[in-house]
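Asker: File name run11.csv; file contents CSV, C-alpha atoms; full text below.
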```csv
chain,number,residue,atom,x,y,z
A,1,MET,CA,-6.6,10.6,-9.8
A,2,PRO,CA,-4.9,13.5,-11.5
A,3,ILE,CA,-3.8,11.1,-14.3
A,4,TYR,CA,-7.4,10.3,-15.1
A,5,ARG,CA,-8.4,13.9,-15.2
A,6,PHE,CA,-5.5,14.7,-17.5
A,7,ILE,CA,-6.4,11.9,-19.9
A,8,PHE,CA,-10.0,12.9,-19.9
A,9,PHE,CA,-9.2,16.5,-20.5
A,10,SER,CA,-6.8,15.8,-23.3
A,11,ALA,CA,-9.2,13.3,-24.8
A,12,LYS,CA,-12.1,15.8,-24.7
A,13,HIS,CA,-9.8,18.4,-26.1
A,14,ARG,CA,-8.8,16.1,-29.0
A,15,PHE,CA,-12.3,14.9,-29.6
A,16,ALA,CA,-13.5,18.5,-29.7
A,17,HIS,CA,-11.0,19.1,-32.4
A,18,ALA,CA,-11.9,15.9,-34.2
A,19,SER,CA,-15.6,16.9,-34.1
A,20,ASN,CA,-14.6,20.3,-35.5
A,21,LEU,CA,-12.7,18.7,-38.3
A,22,LEU,CA,-15.4,16.3,-39.4
A,23,PRO,CA,-18.0,18.7,-40.7
A,24,ARG,CA,-15.3,20.7,-42.5
A,25,PHE,CA,-14.1,17.6,-44.3
A,26,GLY,CA,-17.6,16.6,-45.0
A,27,SER,CA,-18.3,20.0,-46.6
A,28,SER,CA,-15.2,19.8,-48.7
A,29,LYS,CA,-16.3,16.4,-50.0
A,30,ARG,CA,-19.6,17.8,-51.0
A,31,ILE,CA,-18.1,20.3,-53.5
A,32,GLN,CA,-15.6,17.9,-55.2
A,33,SER,CA,-16.2,14.5,-56.7
A,34,CYS,CA,-12.6,13.2,-56.9
A,35,GLY,CA,-10.2,12.2,-54.0
A,36,TYR,CA,-9.7,14.6,-51.3
A,37,THR,CA,-6.1,15.8,-51.7
A,38,LYS,CA,-6.2,16.3,-55.5
A,39,SER,CA,-9.5,18.0,-55.5
A,40,ALA,CA,-8.5,20.3,-52.7
A,41,LYS,CA,-5.5,21.5,-54.8
A,42,ASN,CA,-7.8,21.7,-57.9
A,43,ASN,CA,-10.3,23.6,-55.9
A,44,TYR,CA,-7.8,26.1,-54.9
A,45,TYR,CA,-6.5,26.8,-58.4
A,46,LYS,CA,-9.6,26.1,-60.6
A,47,LYS,CA,-12.3,27.8,-58.7
A,48,PRO,CA,-10.9,30.8,-57.1
A,49,THR,CA,-14.1,32.8,-57.2
A,50,GLY,CA,-16.8,30.2,-57.3
A,51,HIS,CA,-17.2,29.3,-53.7
A,52,PRO,CA,-15.0,31.7,-51.9
A,53,VAL,CA,-16.4,30.9,-48.5
A,54,VAL,CA,-16.2,27.2,-49.0
A,55,ASN,CA,-12.7,27.6,-50.5
A,56,VAL,CA,-11.4,29.4,-47.6
A,57,GLU,CA,-13.2,27.0,-45.4
A,58,THR,CA,-11.6,24.0,-47.0
A,59,GLN,CA,-8.2,25.6,-47.1
A,60,ALA,CA,-8.7,26.7,-43.5
A,61,SER,CA,-9.8,23.2,-42.5
A,62,ARG,CA,-6.8,21.6,-44.1
A,63,SER,CA,-4.3,23.9,-42.5
A,64,SER,CA,-6.1,24.0,-39.2
A,65,GLY,CA,-6.2,20.2,-39.4
A,66,ALA,CA,-2.5,20.2,-39.9
A,67,TYR,CA,-2.2,22.6,-37.0
A,68,PHE,CA,-4.0,20.3,-34.7
A,69,ILE,CA,-1.9,17.1,-35.3
A,70,PRO,CA,1.4,18.2,-33.8
A,71,PRO,CA,-0.2,19.4,-30.5
A,72,ILE,CA,-2.1,16.1,-30.3
A,73,LEU,CA,1.0,14.1,-30.7
A,74,LEU,CA,2.8,16.3,-28.3
A,75,GLY,CA,0.0,15.9,-25.8
A,76,PHE,CA,0.1,12.1,-26.2
A,77,GLY,CA,3.8,12.1,-25.8
A,78,GLY,CA,3.5,14.2,-22.7
A,79,LEU,CA,1.0,11.9,-21.3
A,80,LEU,CA,3.2,8.9,-21.8
A,81,ALA,CA,6.2,10.7,-20.3
A,82,PHE,CA,4.1,11.6,-17.3
A,83,LEU,CA,2.9,8.0,-16.7
A,84,HIS,CA,6.4,6.7,-17.0
A,85,TYR,CA,7.7,9.3,-14.5
A,86,ASN,CA,4.9,8.4,-12.1
A,87,ASP,CA,5.6,4.7,-12.4
A,88,GLU,CA,9.3,5.4,-11.6
A,89,ARG,CA,8.4,7.5,-8.6
A,90,ARG,CA,6.0,4.9,-7.1
A,91,ALA,CA,8.4,2.1,-7.6
A,92,VAL,CA,11.1,3.8,-5.5
A,93,LYS,CA,8.7,4.5,-2.7
A,94,ILE,CA,7.7,0.8,-2.1
A,95,GLY,CA,10.9,-1.2,-2.7
A,96,LYS,CA,13.8,0.1,-0.8
A,97,ASP,CA,13.9,-0.1,3.0
A,98,SER,CA,16.3,-1.3,5.7
A,99,TYR,CA,15.2,-4.8,5.1
A,100,THR,CA,17.5,-5.6,2.2
A,101,GLY,CA,19.0,-9.1,1.8
A,102,SER,CA,17.0,-11.8,3.6
A,103,ASP,CA,13.4,-10.6,3.2
A,104,THR,CA,11.9,-10.1,-0.3
A,105,ALA,CA,8.6,-8.9,1.1
A,106,VAL,CA,8.6,-5.8,3.1
A,107,ALA,CA,6.7,-6.2,6.4
A,108,PRO,CA,5.5,-3.5,8.8
A,109,ILE,CA,8.2,-2.8,11.4
A,110,ILE,CA,7.0,-4.6,14.5
A,111,GLY,CA,8.6,-4.0,17.9
A,112,GLY,CA,9.9,-1.0,19.6
A,113,PRO,CA,11.2,0.3,22.9
A,114,PHE,CA,9.7,-0.8,26.2
A,115,THR,CA,10.2,-0.3,29.9
A,116,LEU,CA,9.0,-3.0,32.2
A,117,VAL,CA,9.6,-4.5,35.6
A,118,ASN,CA,11.0,-7.9,35.9
A,119,SER,CA,10.3,-10.6,38.5
A,120,GLU,CA,13.2,-9.3,40.7
A,121,ASN,CA,11.5,-5.9,40.8
A,122,GLN,CA,14.1,-4.3,38.6
A,123,ILE,CA,13.4,-2.0,35.8
A,124,VAL,CA,14.2,-3.5,32.4
A,125,ASN,CA,14.1,-2.0,28.9
A,126,GLU,CA,14.9,-3.3,25.5
A,127,GLN,CA,18.5,-2.2,25.7
A,128,ASP,CA,19.1,-5.0,28.1
A,129,PHE,CA,18.3,-7.6,25.5
A,130,LEU,CA,20.5,-6.3,22.8
A,131,GLY,CA,23.0,-8.9,21.7
A,132,ASN,CA,20.8,-11.9,22.5
A,133,TRP,CA,18.3,-13.8,20.5
A,134,VAL,CA,15.0,-13.5,22.3
A,135,LEU,CA,11.9,-15.6,22.2
A,136,LEU,CA,9.1,-13.4,23.4
A,137,TYR,CA,5.7,-14.6,24.6
A,138,PHE,CA,2.8,-12.4,25.7
A,139,GLY,CA,0.7,-14.3,28.2
A,140,TYR,CA,-0.7,-14.3,31.7
A,141,THR,CA,-0.5,-16.6,34.6
A,142,SER,CA,-4.2,-17.2,35.0
A,143,SER,CA,-4.6,-18.8,31.6
A,144,PRO,CA,-6.5,-22.1,31.9
A,145,ASP,CA,-4.8,-24.1,29.2
A,146,ILE,CA,-3.2,-22.3,26.3
A,147,GLY,CA,-0.9,-20.2,28.4
A,148,PRO,CA,0.8,-23.1,30.3
A,149,ASP,CA,1.1,-25.1,27.1
A,150,GLN,CA,2.8,-22.3,25.3
A,151,VAL,CA,5.2,-21.6,28.2
A,152,ARG,CA,6.0,-25.3,28.4
A,153,ILE,CA,6.7,-25.4,24.6
A,154,MET,CA,8.9,-22.3,25.0
A,155,ALA,CA,10.9,-24.0,27.8
A,156,LYS,CA,11.3,-27.2,25.8
A,157,VAL,CA,12.5,-25.3,22.7
A,158,ILE,CA,15.1,-23.4,24.8
A,159,ASP,CA,16.3,-26.6,26.2
A,160,THR,CA,16.5,-28.4,22.8
A,161,LEU,CA,18.4,-25.5,21.2
A,162,GLU,CA,20.9,-25.2,24.1
A,163,ALA,CA,21.5,-28.9,24.6
A,164,LYS,CA,21.6,-30.1,21.0
A,165,LYS,CA,22.9,-27.1,19.0
A,166,ASN,CA,24.5,-25.0,21.8
A,167,LEU,CA,22.5,-22.0,20.8
A,168,LYS,CA,21.4,-19.6,23.5
A,169,VAL,CA,18.0,-18.1,23.0
A,170,LEU,CA,16.6,-16.0,25.9
A,171,PRO,CA,13.0,-16.7,26.7
A,172,VAL,CA,10.9,-13.8,27.8
A,173,PHE,CA,7.4,-13.9,29.2
A,174,VAL,CA,5.6,-10.6,29.2
A,175,THR,CA,2.3,-10.5,31.1
A,176,ILE,CA,-0.7,-8.9,29.5
A,177,ASP,CA,-2.4,-9.0,32.9
A,178,PRO,CA,-0.1,-6.9,35.0
A,179,GLN,CA,-2.7,-6.1,37.6
A,180,ARG,CA,-2.9,-9.6,38.8
A,181,ASP,CA,0.6,-10.8,37.8
A,182,THR,CA,2.9,-9.1,40.3
A,183,PRO,CA,6.6,-9.8,40.1
A,184,ALA,CA,6.3,-12.3,42.9
A,185,GLN,CA,3.5,-14.1,41.0
A,186,LEU,CA,5.6,-14.2,37.8
A,187,ARG,CA,8.5,-15.6,39.7
A,188,ALA,CA,6.5,-18.4,41.3
A,189,TYR,CA,4.8,-19.2,38.0
A,190,LEU,CA,7.8,-19.3,35.7
A,191,LYS,CA,10.0,-21.1,38.2
A,192,GLU,CA,7.9,-24.2,37.7
A,193,PHE,CA,8.7,-24.2,34.0
A,194,ASP,CA,12.2,-23.0,33.6
A,195,PRO,CA,14.4,-20.8,35.8
A,196,ARG,CA,15.8,-19.1,32.7
A,197,ILE,CA,12.5,-17.5,31.6
A,198,VAL,CA,12.5,-13.8,32.2
A,199,GLY,CA,9.2,-12.5,33.4
A,200,LEU,CA,8.2,-9.0,32.7
A,201,GLY,CA,5.3,-6.9,34.0
A,202,GLY,CA,4.8,-3.5,35.4
A,203,LEU,CA,2.4,-0.7,34.8
A,204,VAL,CA,-0.7,-1.3,32.7
A,205,SER,CA,0.2,1.6,30.5
A,206,ALA,CA,3.7,0.3,29.8
A,207,VAL,CA,2.4,-3.1,29.0
A,208,ARG,CA,-0.3,-1.7,26.7
A,209,GLN,CA,2.3,0.4,24.9
A,210,MET,CA,4.5,-2.6,24.3
A,211,ALA,CA,1.6,-4.7,23.2
A,212,GLN,CA,0.7,-2.0,20.7
A,213,GLU,CA,4.2,-1.9,19.3
A,214,TYR,CA,4.3,-5.7,18.9
A,215,ARG,CA,0.7,-5.7,17.5
A,216,VAL,CA,-0.5,-8.0,20.2
A,217,TYR,CA,-4.3,-8.1,20.8
A,218,PHE,CA,-5.5,-8.6,24.3
A,219,LYS,CA,-8.8,-8.1,26.1
A,220,LYS,CA,-10.4,-8.9,29.4
A,221,VAL,CA,-13.3,-11.3,29.1
A,222,GLU,CA,-15.6,-13.1,31.5
A,223,GLU,CA,-15.1,-10.5,34.1
A,224,GLU,CA,-16.5,-11.3,37.5
A,225,GLY,CA,-14.8,-9.0,39.9
A,226,ASP,CA,-11.3,-10.2,40.3
A,227,ASP,CA,-11.7,-13.3,38.3
A,228,TYR,CA,-11.3,-12.9,34.5
A,229,LEU,CA,-9.7,-14.4,31.5
A,230,VAL,CA,-7.6,-12.4,29.0
A,231,GLU,CA,-8.2,-13.2,25.4
A,232,SER,CA,-5.1,-12.8,23.3
A,233,SER,CA,-3.3,-13.8,20.2
A,234,HIS,CA,-1.0,-16.2,22.0
A,235,SER,CA,1.9,-15.8,19.6
A,236,MET,CA,5.6,-16.0,20.1
A,237,TYR,CA,8.0,-13.5,18.6
A,238,LEU,CA,11.6,-14.4,17.6
A,239,ILE,CA,13.8,-11.3,17.9
A,240,ASP,CA,17.3,-11.0,16.7
A,241,PRO,CA,20.2,-9.5,18.6
A,242,LYS,CA,19.5,-6.1,17.2
A,243,MET,CA,16.0,-6.2,18.8
A,244,LYS,CA,14.3,-6.6,15.4
A,245,VAL,CA,11.4,-8.9,15.1
A,246,VAL,CA,12.3,-11.7,12.7
A,247,ARG,CA,9.4,-14.0,12.9
A,248,CYS,CA,6.1,-14.6,14.6
A,249,PHE,CA,4.9,-18.1,15.6
A,250,GLY,CA,1.3,-19.0,16.5
A,251,VAL,CA,-0.1,-21.7,18.7
A,252,GLU,CA,0.0,-24.2,15.9
A,253,TYR,CA,3.7,-24.9,16.3
A,254,ASN,CA,4.7,-27.6,18.7
A,255,ALA,CA,8.1,-27.8,20.4
A,256,GLU,CA,10.0,-29.7,17.6
A,257,GLN,CA,8.6,-27.6,14.8
A,258,LEU,CA,9.3,-24.4,16.7
A,259,SER,CA,13.0,-25.4,17.4
A,260,LYS,CA,13.5,-26.4,13.8
A,261,GLU,CA,12.1,-23.0,12.6
A,262,ILE,CA,14.2,-21.1,15.0
A,263,LEU,CA,17.2,-23.0,13.9
A,264,LYS,CA,16.5,-22.1,10.3
A,265,GLU,CA,16.2,-18.4,11.2
A,266,LEU,CA,19.4,-18.4,13.2
A,267,LYS,CA,21.3,-20.1,10.3
A,268,LYS,CA,19.9,-17.6,7.8
A,269,HIS,CA,20.9,-14.8,10.0
A,270,GLN,CA,24.5,-16.1,10.4
A,271,VAL,CA,24.8,-16.4,6.6
A,272,ASN,CA,23.8,-12.8,6.2
A,273,ALA,CA,25.8,-11.3,9.0
B,274,MET,CA,3.3,3.5,56.3
B,275,SER,CA,0.1,1.6,56.1
B,276,LEU,CA,-0.1,2.3,52.4
B,277,GLU,CA,3.4,0.9,51.9
B,278,ALA,CA,2.6,-2.1,54.0
B,279,TYR,CA,-0.6,-2.6,51.9
B,280,ALA,CA,1.4,-2.3,48.7
B,281,SER,CA,4.0,-4.7,49.7
B,282,ALA,CA,1.4,-7.2,51.0
B,283,LYS,CA,-0.3,-7.0,47.6
B,284,GLN,CA,3.0,-7.4,45.9
B,285,ASP,CA,3.8,-10.6,47.8
B,286,GLU,CA,0.5,-12.2,47.4
B,287,ILE,CA,0.6,-15.1,45.0
B,288,HIS,CA,-2.3,-16.6,43.4
B,289,THR,CA,-1.5,-20.2,44.1
B,290,ASP,CA,-4.6,-21.5,42.3
B,291,VAL,CA,-3.0,-21.0,39.0
B,292,LEU,CA,0.3,-22.7,39.8
B,293,LEU,CA,1.3,-26.1,38.7
B,294,GLN,CA,-0.3,-28.3,41.3
B,295,ALA,CA,-3.5,-26.4,41.3
B,296,ARG,CA,-3.6,-26.6,37.6
B,297,GLN,CA,-3.0,-30.4,37.7
B,298,ALA,CA,-5.8,-30.9,40.3
B,299,CYS,CA,-8.1,-28.8,38.2
B,300,TYR,CA,-7.4,-30.7,35.0
B,301,LYS,CA,-7.9,-34.0,36.8
B,302,ALA,CA,-11.3,-32.9,38.3
B,303,ARG,CA,-12.3,-31.6,34.9
B,304,ASP,CA,-11.5,-34.8,33.1
B,305,ALA,CA,-13.3,-36.8,35.8
B,306,PHE,CA,-16.4,-34.7,35.3
B,307,TYR,CA,-16.4,-35.0,31.6
B,308,SER,CA,-15.8,-38.7,31.6
B,309,CYS,CA,-18.7,-39.0,33.9
B,310,LEU,CA,-20.8,-37.1,31.4
B,311,GLU,CA,-19.7,-39.4,28.7
B,312,LYS,CA,-20.5,-42.5,30.8
B,313,HIS,CA,-24.0,-41.2,31.5
B,314,SER,CA,-24.6,-39.7,28.2
B,315,ASP,CA,-27.8,-41.8,27.7
B,316,LYS,CA,-29.3,-40.4,30.9
B,317,LYS,CA,-31.5,-37.3,30.7
B,318,PRO,CA,-29.5,-34.2,31.8
B,319,THR,CA,-31.4,-32.4,34.5
B,320,GLU,CA,-28.8,-30.3,36.2
B,321,ILE,CA,-27.5,-27.1,34.6
B,322,GLY,CA,-23.9,-26.1,34.9
B,323,SER,CA,-22.5,-22.9,33.6
B,324,VAL,CA,-22.8,-21.5,30.0
B,325,GLY,CA,-25.7,-23.9,29.3
B,326,LEU,CA,-23.9,-27.1,29.9
B,327,LEU,CA,-26.4,-29.7,31.1
B,328,TYR,CA,-25.5,-32.8,33.0
B,329,PRO,CA,-27.4,-35.7,34.7
B,330,THR,CA,-27.8,-35.9,38.5
B,331,GLU,CA,-25.4,-38.8,38.6
B,332,CYS,CA,-22.5,-36.5,37.9
B,333,LYS,CA,-23.4,-34.0,40.6
B,334,PRO,CA,-20.6,-35.0,43.0
B,335,SER,CA,-17.9,-34.9,40.3
B,336,ARG,CA,-19.3,-31.5,39.2
B,337,GLU,CA,-18.9,-30.1,42.7
B,338,ASP,CA,-15.4,-31.5,42.9
B,339,TYR,CA,-14.6,-29.8,39.6
B,340,VAL,CA,-16.0,-26.5,40.5
B,341,LYS,CA,-14.1,-26.6,43.8
B,342,ASN,CA,-10.8,-27.2,42.2
B,343,CYS,CA,-10.9,-24.7,39.4
B,344,ARG,CA,-11.6,-21.0,39.2
B,345,VAL,CA,-15.0,-19.9,38.0
B,346,SER,CA,-13.7,-18.4,34.8
B,347,TRP,CA,-11.8,-21.6,34.0
B,348,VAL,CA,-14.9,-23.7,34.6
B,349,LYS,CA,-16.8,-21.5,32.2
B,350,HIS,CA,-13.9,-21.6,29.6
B,351,PHE,CA,-13.7,-25.4,29.7
B,352,ASP,CA,-17.5,-25.9,29.6
B,353,ARG,CA,-17.7,-23.7,26.6
B,354,GLN,CA,-14.9,-25.6,24.9
B,355,TYR,CA,-16.6,-28.9,25.7
B,356,CYS,CA,-20.0,-27.8,24.3
B,357,LYS,CA,-18.3,-26.6,21.1
B,358,THR,CA,-16.5,-29.9,20.6
B,359,LYS,CA,-19.7,-31.8,21.3
B,360,ARG,CA,-21.5,-29.8,18.8
B,361,THR,CA,-18.9,-30.3,16.0
B,362,GLN,CA,-18.8,-34.0,16.8
B,363,ARG,CA,-22.6,-34.2,16.5
B,364,LEU,CA,-22.4,-32.4,13.1
B,365,LEU,CA,-19.7,-34.7,11.9
B,366,ASP,CA,-21.4,-37.9,13.1
B,367,ASP,CA,-24.7,-36.8,11.7
B,368,LYS,CA,-23.8,-37.7,8.1
B,369,GLU,CA,-25.9,-40.9,8.0
B,370,THR,CA,-29.1,-39.4,9.2
B,371,ARG,CA,-29.1,-36.4,6.8
B,372,ARG,CA,-31.3,-36.8,3.8
B,373,GLY,CA,-30.8,-35.5,0.4
B,374,VAL,CA,-27.0,-35.0,0.8
```
How does this structure look as structure tokens?
Answerer:
Amino acid sequence: MPIYRFIFFSAKHRFAHASNLLPRFGSSKRIQSCGYTKSAKNNYYKKPTGHPVVNVETQASRSSGAYFIPPILLGFGGLLAFLHYNDERRAVKIGKDSYTGSDTAVAPIIGGPFTLVNSENQIVNEQDFLGNWVLLYFGYTSSPDIGPDQVRIMAKVIDTLEAKKNLKVLPVFVTIDPQRDTPAQLRAYLKEFDPRIVGLGGLVSAVRQMAQEYRVYFKKVEEEGDDYLVESSHSMYLIDPKMKVVRCFGVEYNAEQLSKEILKELKKHQVNA
Amino acid sequence: MSLEAYASAKQDEIHTDVLLQARQACYKARDAFYSCLEKHSDKKPTEIGSVGLLYPTECKPSREDYVKNCRVSWVKHFDRQYCKTKRTQRLLDDKETRRGV
């Protein structure tokens, strides 16, 4: 914004000068018949008394014309310098961040601290997961079809990675329906898929805060008293040992694709580390 | 004391109707109902299920079985999904009957 005003102001300034200059040159042309520079000089010497007002005018217009050119050039140069400086300033603001190395695009920082209750009724926060790769899924036990499918995929991926590549990834299931999903419920539900899946629930406010940090959308729909569904984005987050979100997977990934992608991310991380 | 007892009771209560076996039963009943619908698709649907799903009287017993085995919100969810797939199928199959395209 200020750039435009500056340009406009300086342009107006310059144009005002130009419009001032034009009639004066025009008047000088009217008195002499030959070229401009020669006749101006002639004018000055040959007709000192003839047209004093016009003479002074032409002389004044010439020198005032000369006076205006350096400021205009300076103004233009100043404008260029200002634009260049502004470009430099803006470039520094966007590029550098803690995400050097692997990522060329800078993404918003997803994730953050959380304090929840696990299925053994113990309080858990994000510090407990430092040092492990974590596959995090936000779901709820009363999901009719997508929820169980995703948890099954998660269990299969964990199995594949551990059996074939000997890579330990910790699966975590955070419930976005903590009112109905008590720790006992989580335990019973997740036991059927895989005993390694950690179930996390707790207070509604704690879950809501975590969902906000991880940019997870969830909303109660079809509410009929105690019976409702929770609409959500059904995505899985891959988190590195420093508790930084590396990648987000949607429902379109099946077990093989997911394990392949996770493997890729792990390898990439090992190369960088 | 009673509040604690209440709290602990609430804590221990497990909704078994979303666990594996209940889910399997629900899926089976749902599939049975929908196959019944397919089988009798030429009959005129007279009964109305949830979210505007119509079905013929022949499928009434399988419908009852389905509703018994699944939660109400699940029934609604599956019915809505079924209607949507039916509609898109109808749009896709309708290529021959459309004129001027």
Asker: Quick one, how far is atom CA of A:Leu203 from atom CA of A:Phe138?
Answerer: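 Value for the atom CA of A:Leu203-atom CA of A:Phe138 distance: 14.8 Å.
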Asker: Dump as a tab-separated table the rows for residues of chain B within 12 Å of chain A: closest atom pair and distance in Å with one decimal, all atoms listed in the file counted, ordered by chain and rising residue number.
Answerer:
```
residue	atom	partner	partner_atom	distance
B:Ala280	CA	A:Thr182	CA	10.9
B:Ser281	CA	A:Thr182	CA	10.4
B:Ala282	CA	A:Ala184	CA	10.8
B:Lys283	CA	A:Thr182	CA	8.2
B:Gln284	CA	A:Thr182	CA	5.9
B:Asp285	CA	A:Ala184	CA	5.8
B:Glu286	CA	A:Gln185	CA	7.3
B:Ile287	CA	A:Gln185	CA	5.0
B:His288	CA	A:Gln185	CA	6.8
B:Thr289	CA	A:Gln185	CA	8.5
B:Asp290	CA	A:Ser142	CA	8.5
B:Val291	CA	A:Ser142	CA	5.6
B:Leu292	CA	A:Tyr189	CA	6.0
B:Leu293	CA	A:Glu192	CA	6.9
B:Gln294	CA	A:Glu192	CA	9.8
B:Ala295	CA	A:Pro144	CA	10.8
B:Arg296	CA	A:Pro144	CA	7.8
B:Gln297	CA	A:Pro144	CA	10.7
B:Cys299	CA	A:Pro144	CA	9.3
B:Tyr300	CA	A:Asp145	CA	9.2
B:Arg303	CA	A:Pro144	CA	11.5
B:Val324	CA	A:Glu222	CA	11.2
B:Cys343	CA	A:Pro144	CA	9.1
B:Arg344	CA	A:Asp227	CA	7.8
B:Val345	CA	A:Asp227	CA	7.4
B:Ser346	CA	A:Tyr228	CA	6.0
B:Trp347	CA	A:Pro144	CA	5.7
B:Val348	CA	A:Pro144	CA	9.0
B:Lys349	CA	A:Glu222	CA	8.5
B:His350	CA	A:Pro144	CA	7.8
B:Phe351	CA	A:Pro144	CA	8.2
B:Asp352	CA	A:Pro144	CA	11.9
B:Arg353	CA	A:Glu222	CA	11.9
B:Gln354	CA	A:Asp145	CA	11.1
```
Asker: Just the residues within 9 Å of A:Tyr137, please, counting only C-alpha atoms, with nothing from its chain fewer than 5 positions along; format it as a list in words.
Answerer: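 Once the nearby chain positions are removed, what remains is Gln150, Val151, Met154, Pro171, Val172, Phe173, Val174, Thr175, His234, Ser235, Met236 and Tyr237 of chain A.
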Asker: Write out as an MDAnalysis selection string which residues come within 6 Å of stretch 110-113 of chain A when counting all atoms listed in the file, dropping same-chain ones fewer than 3 positions away.
Answerer: chainID A and resid 126 213:214
Asker: With a distance cut-off of 7 Å and all atoms listed in the file, select the neighbouring residues of stretch 333-337 of chain B, excluding the residue or stretch itself and same-chain residues fewer than 3 positions from it, and output the selection as a PDB file with C-alpha atoms, keeping the file's coordinate frame.
Answerer:
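Listing of part09.pdb after writing:
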```pdb
ATOM      1  CA  ALA B 305     -13.300 -36.800  35.800  1.00  0.00           C
ATOM      2  CA  PHE B 306     -16.400 -34.700  35.300  1.00  0.00           C
ATOM      3  CA  THR B 330     -27.800 -35.900  38.500  1.00  0.00           C
ATOM      4  CA  VAL B 340     -16.000 -26.500  40.500  1.00  0.00           C
ATOM      5  CA  LYS B 341     -14.100 -26.600  43.800  1.00  0.00           C
TER       6      LYS B 341
END
```
Asker: Take the point (13.4, -17.0, 30.8) as written in the file and pick out every residue within 7 Å of it, counting all atoms listed in the file; give the list as a VMD selection string.
Answerer: chain A and resid 170 to 173 194 to 199
Asker: Please measure the separation of atom CA of A:Ala255 and atom CA of A:Val216, giving the value in Å to one decimal.
Answerer: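 Taking atom CA of A:Ala255 and atom CA of A:Val216, their separation equals 21.6 Å.
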Asker: Using only C-alpha atoms, which residue out of A:Asp240, A:Gly202, A:Phe218, A:Lys168 lies closest to A:Asn118?
Answerer: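 Comparing A:Asp240, A:Gly202, A:Phe218, A:Lys168 against A:Asn118, the winner is A:Gly202.
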Asker: As an exercise, work out the distance from atom CA of A:Tyr217 to atom CA of A:Tyr140 in Å and give it to one decimal place.
Answerer: 13.0 Å
